[in-house]
Amino acid sequence: MTGPARITYREAVKQSIREALQADARVFLMGEDVGKYGGCFAVSKGLLDEFGEERIRDTPLSESTFVGAGIGAALAGMRPIVEVMTVNFSLLALDQIVNTAATLCHMSGGQFPVPVVIRMATGAGRQLAAQHSHSLEAWYAHVPGLRVVEPATIDDARGMLRAALACPDPVIIFEPISLYNLEGELTEAAAQVRLDGARVHRVGHDVTLVTYGASLWRCTAAADVLAADGIDAEIVDLRSLRPLDDATILASVRKTRRAVIVDEGWRTGSLAAEIGLRIVEQGFYDLDAPVARVCAEEVPIPYPKHLEDAALPAPERIVAAVRRLFSDAQ
Amino acid sequence: MLSEFRLPALGADMDDGTILEWHIVPGASVKRGDVVAVVETDKGAIDVEIFMDGIVREIVVAPGTRIPVGTVVALIETEDAAAAPVATLAGESGGEGLTPAAAPAPAEEGRREGGSTAAPSDRLKISPAARRRARALDVDVAALHGTGPGGAITVEDVEQARAAPKPSPTPTPPPPPTPAGAGEGGGMRDAIAAAMSRSKREIPHYYLSTTVDVTATTEWLTAHNAAVPVTQRLLFAALLVKSIALACRELPGFSGFHREGRYEDSPAVHVGVAVALRGGGLVAPAIMDTADKPLTTLMDDFRALVTRARAGRLRASELAAPTIILTSLGEASVDAVFPIIQPPQVAIVGAGAIAERPWVVDGKVVPRQLLTLSLGADHRVTDGRLGAQFLARIAARLLEPASL
């Protein structure tokens, strides 16, 4: 490859799967419609022809069964990539993920690590209605024994799978549905992507926007608007939702003294709540304004476009939340 | 219920005033204590607070009109009858929200980003970072004006205050040049220096003191406080303030103003209470109409006044209003205070610490709770004999706490 190429997020994920399949014979992909149909978000289109049915495996519509099979394969020495259509449907496999994958290494005294990678789509923005559009990352980020990541950039979409497969723990990779068509430059940094650690996506001095996933791009849009007002926003892309990178978050908040957490999950019991409290616990004396957050409205994500838009943490809401930290004026 | 809001008297000698501007519009909701208008009086522009909760229905008097005290200036729909949802909706909307056609979702309290439902507190609003910076820069935060969210003091406010000369929170005339070595405290120190220098220069003080056996009063207070909820407990200072106010009513010459060579007794008694500020300095805001207030009201006012004084949120009227001041150094464990009058007032009462000491009762030395009251008074207006009577009347009132 010469020079930075412009590709889509979908293509970046596909390249990462192809690379993994080529690099390690123990790697295989399985899930609903990943083979003949090419993946319900077309991520694995063409891979069946390229790698054959042994390594690109269509499964029955039974999340508990095929996630459990993936865990078993990992225990037996394989490096399975299990695709679950959306986080909503992953709840059918929650027992396998939380009670088995997350616990075995601990319960066996370290004898049986479970190096399974479970990819699932998350979030709203494509009018897929309430059964396909939720953001339940916080539920998985709650569970010790799991690694939870959410690539929001092309480089991370391209590089995180490699890091996940190299990790001995079960890793959940969340892929925001609304980002599959995102286009951007793939840079050489994709080859060095780490599984953990947050990243300062945009440097600023006046307020820190802590976010992850699709909301990263809502934050960049908001930061552009704020910049016109003279408010210089720094954006921290969490990347890893478990473990959280307190050091990067706090270093940024200590610098800007203000924090707004932008989270597509529902506000109550959210990751935003967790991050907010960590900021208060560790950075209380550095704060110059109350910690604020912008989350999804507490409704099942609506199907009609205008209502779906209204339910999400849109840039205007982020801008308004930031402005409230700077003055009494509305 | 529709209630009338009338122009209140904003100072001892105010007969009329001009409404300069309204801070409310019809439909707005108001709470007791909100500043609703600015009124021009002889003493300058003063914030007017409202003393009822409700929704503004009508503004009766337009800005610019000069009207006598007591005129109805606005009509307020008081809370019981007002439609609560109106206030809730207006308060909760952040300017955007779900279209009403959205599927009904479980109601969530405070679901908006800005949606805090907690009641505001009287505590000084200052960010943690600003507080730390203020300490490092030795800036008195009580005197700062906050520009952050909700009027909170931010790091920037502290740094600007450090860069600029410190503002004087008291409405005293500009201070004379500070002598070398005046040191910390800035504007407030200068203001106190100016007022006290003028006092000692112009007012021929005389001082009296009397020691009072307040055992019965402290016992009454202990019993009273044991019988009421925490929020209704009284401090000894409240009894003292009320006693002073009643004594002022009985004996002219101590509660009023000496201006342009002439003394005039104030028709209303507003006892000022000297409050030491955490950052150094002192203010003495008034408890308005002290003599007419029952002890519990007085206590509420007293608490609120101290809190607001320490938060730097006093209103100009409160600082200008005192007709006499009480300065109590009981907490500092001194026996007695020899207080200096704040011009143009003509008297000031001091109170030392209440302490158990030997006292002769019926020929026997017994331990009693003793308090030394002192009086600094203006010899141009009264003489020691009258001053002694004044102190005696305060003491007599204090010994009858149940009648306060």
# chains A, B, ... in the order shown; residues from 1 in each chain; ligands from 1
>>> closest_atom_pairs(of="chain A", to="chain B", cutoff="7 Å", atoms="only C-alpha atoms", output="tab-separated table")
residue	atom	partner	partner_atom	distance
A:Phe284	CA	B:Pro128	CA	6.4
A:Tyr285	CA	B:Pro128	CA	4.7
A:Asp286	CA	B:Ala129	CA	4.6
A:Leu287	CA	B:Ala129	CA	5.1
A:Asp288	CA	B:Ser127	CA	4.7
A:Ala289	CA	B:Ser127	CA	5.8
A:Ala292	CA	B:Glu113	CA	6.9
A:Arg293	CA	B:Glu113	CA	6.0
A:Val294	CA	B:Glu113	CA	5.7
A:Val299	CA	B:Ala105	CA	5.5
A:Leu307	CA	B:Ala102	CA	6.8
A:Ala310	CA	B:Leu98	CA	6.0
A:Ala321	CA	B:Glu113	CA	6.8
A:Arg324	CA	B:Pro149	CA	6.2
A:Leu325	CA	B:Pro149	CA	5.5
A:Phe326	CA	B:Gly148	CA	5.6
A:Ser327	CA	B:Gly148	CA	4.6
A:Asp328	CA	B:Pro149	CA	4.4
>>> select_by_dssp(residues="segment 85-204 of chain A", states="strand (DSSP E or B)", output="PyMOL selection string")
chain A and resi 85-86+117-122+147-149+171-176+183-186+199-202
>>> residues_around(residues="Leu371 of chain B", least_positions_apart="3", cutoff="7 Å", atoms="only C-alpha atoms", output="ChimeraX atom specification")
/B:211-214,352-355
>>> residues_around(residues="Tyr263 of chain B", least_positions_apart="5", cutoff="9 Å", atoms="only C-alpha atoms", output="list of chain:residue names")
B:Gly253, B:Gly256, B:Phe257, B:His258, B:Val346, B:Arg380, B:Val381
>>> write_last_selection(atoms="C-alpha atoms", output="compact mmCIF listing (two decimals), in the first residue's frame")
# COMPACT_ATOMS: atom_id res chain seq x y z
CA GLY B 253 -31.63 58.20 72.05
CA GLY B 256 -31.35 56.37 65.17
CA PHE B 257 -29.02 58.51 63.13
CA HIS B 258 -26.91 61.59 63.84
CA VAL B 346 -25.28 56.63 67.94
CA ARG B 380 -23.70 64.27 71.84
CA VAL B 381 -27.03 62.49 72.09
>>> select_by_dssp(residues="segment 244-390 of chain B", states="helix (DSSP H, G or I)", output="PyMOL selection string")
chain B and resi 244-250+290-292+295-310+316-320+330-332+384-390
>>> residues_around(residues="Trp266 of chain A", least_positions_apart="4", cutoff="7 Å", atoms="only C-alpha atoms", output="list in words")
Ser270, Cys295, Ala296, Glu297 and Glu298 of chain A
>>> atom_distance(atom1="atom CA of His134 of chain A", atom2="atom CA of Ala214 of chain A")
12.4 Å
>>> residues_around(residues="Ala161 of chain B", least_positions_apart="5", cutoff="10 Å", atoms="only C-alpha atoms", output="VMD selection string")
chain B and resid 134 137 139 to 141 143 to 145 155 to 156 166 to 167
>>> residues_around(residues="segment 25-38 of chain B", least_positions_apart="4", cutoff="6 Å", atoms="only C-alpha atoms", output="list in words")
Leu20, Glu21, Ile46, Asp47, Val48, Glu49, Ile50, Phe51, Met52, Asp53, Gly54, Ile55, Val56, Arg57 and Glu58 of chain B
>>> write_last_selection(atoms="C-alpha atoms", output="compact mmCIF listing (two decimals), in the first residue's frame")
# COMPACT_ATOMS: atom_id res chain seq x y z
CA LEU B 20 -36.51 51.63 37.95
CA GLU B 21 -36.92 48.19 36.43
CA ILE B 46 -32.15 49.01 45.95
CA ASP B 47 -33.13 45.46 45.05
CA VAL B 48 -36.64 44.66 46.16
CA GLU B 49 -37.40 41.15 47.30
CA ILE B 50 -40.79 39.54 47.10
CA PHE B 51 -42.15 37.78 50.17
CA MET B 52 -44.54 35.28 48.63
CA ASP B 53 -44.36 32.27 46.30
CA GLY B 54 -46.44 32.23 43.16
CA ILE B 55 -46.92 33.24 39.55
CA VAL B 56 -46.88 36.85 38.42
CA ARG B 57 -50.29 37.72 36.99
CA GLU B 58 -49.97 41.44 36.42
>>> atom_distance(atom1="atom CA of Glu260 of chain B", atom2="atom CA of Gly376 of chain B")
20.6 Å
>>> atom_distance(atom1="atom CA of Pro290 of chain A", atom2="atom CA of Arg310 of chain B")
22.1 Å
>>> closest_residue(among="A:Ala12, A:Ala5, A:Leu179, A:Val200", to="Ser215 of chain A", atoms="only C-alpha atoms")
A:Leu179
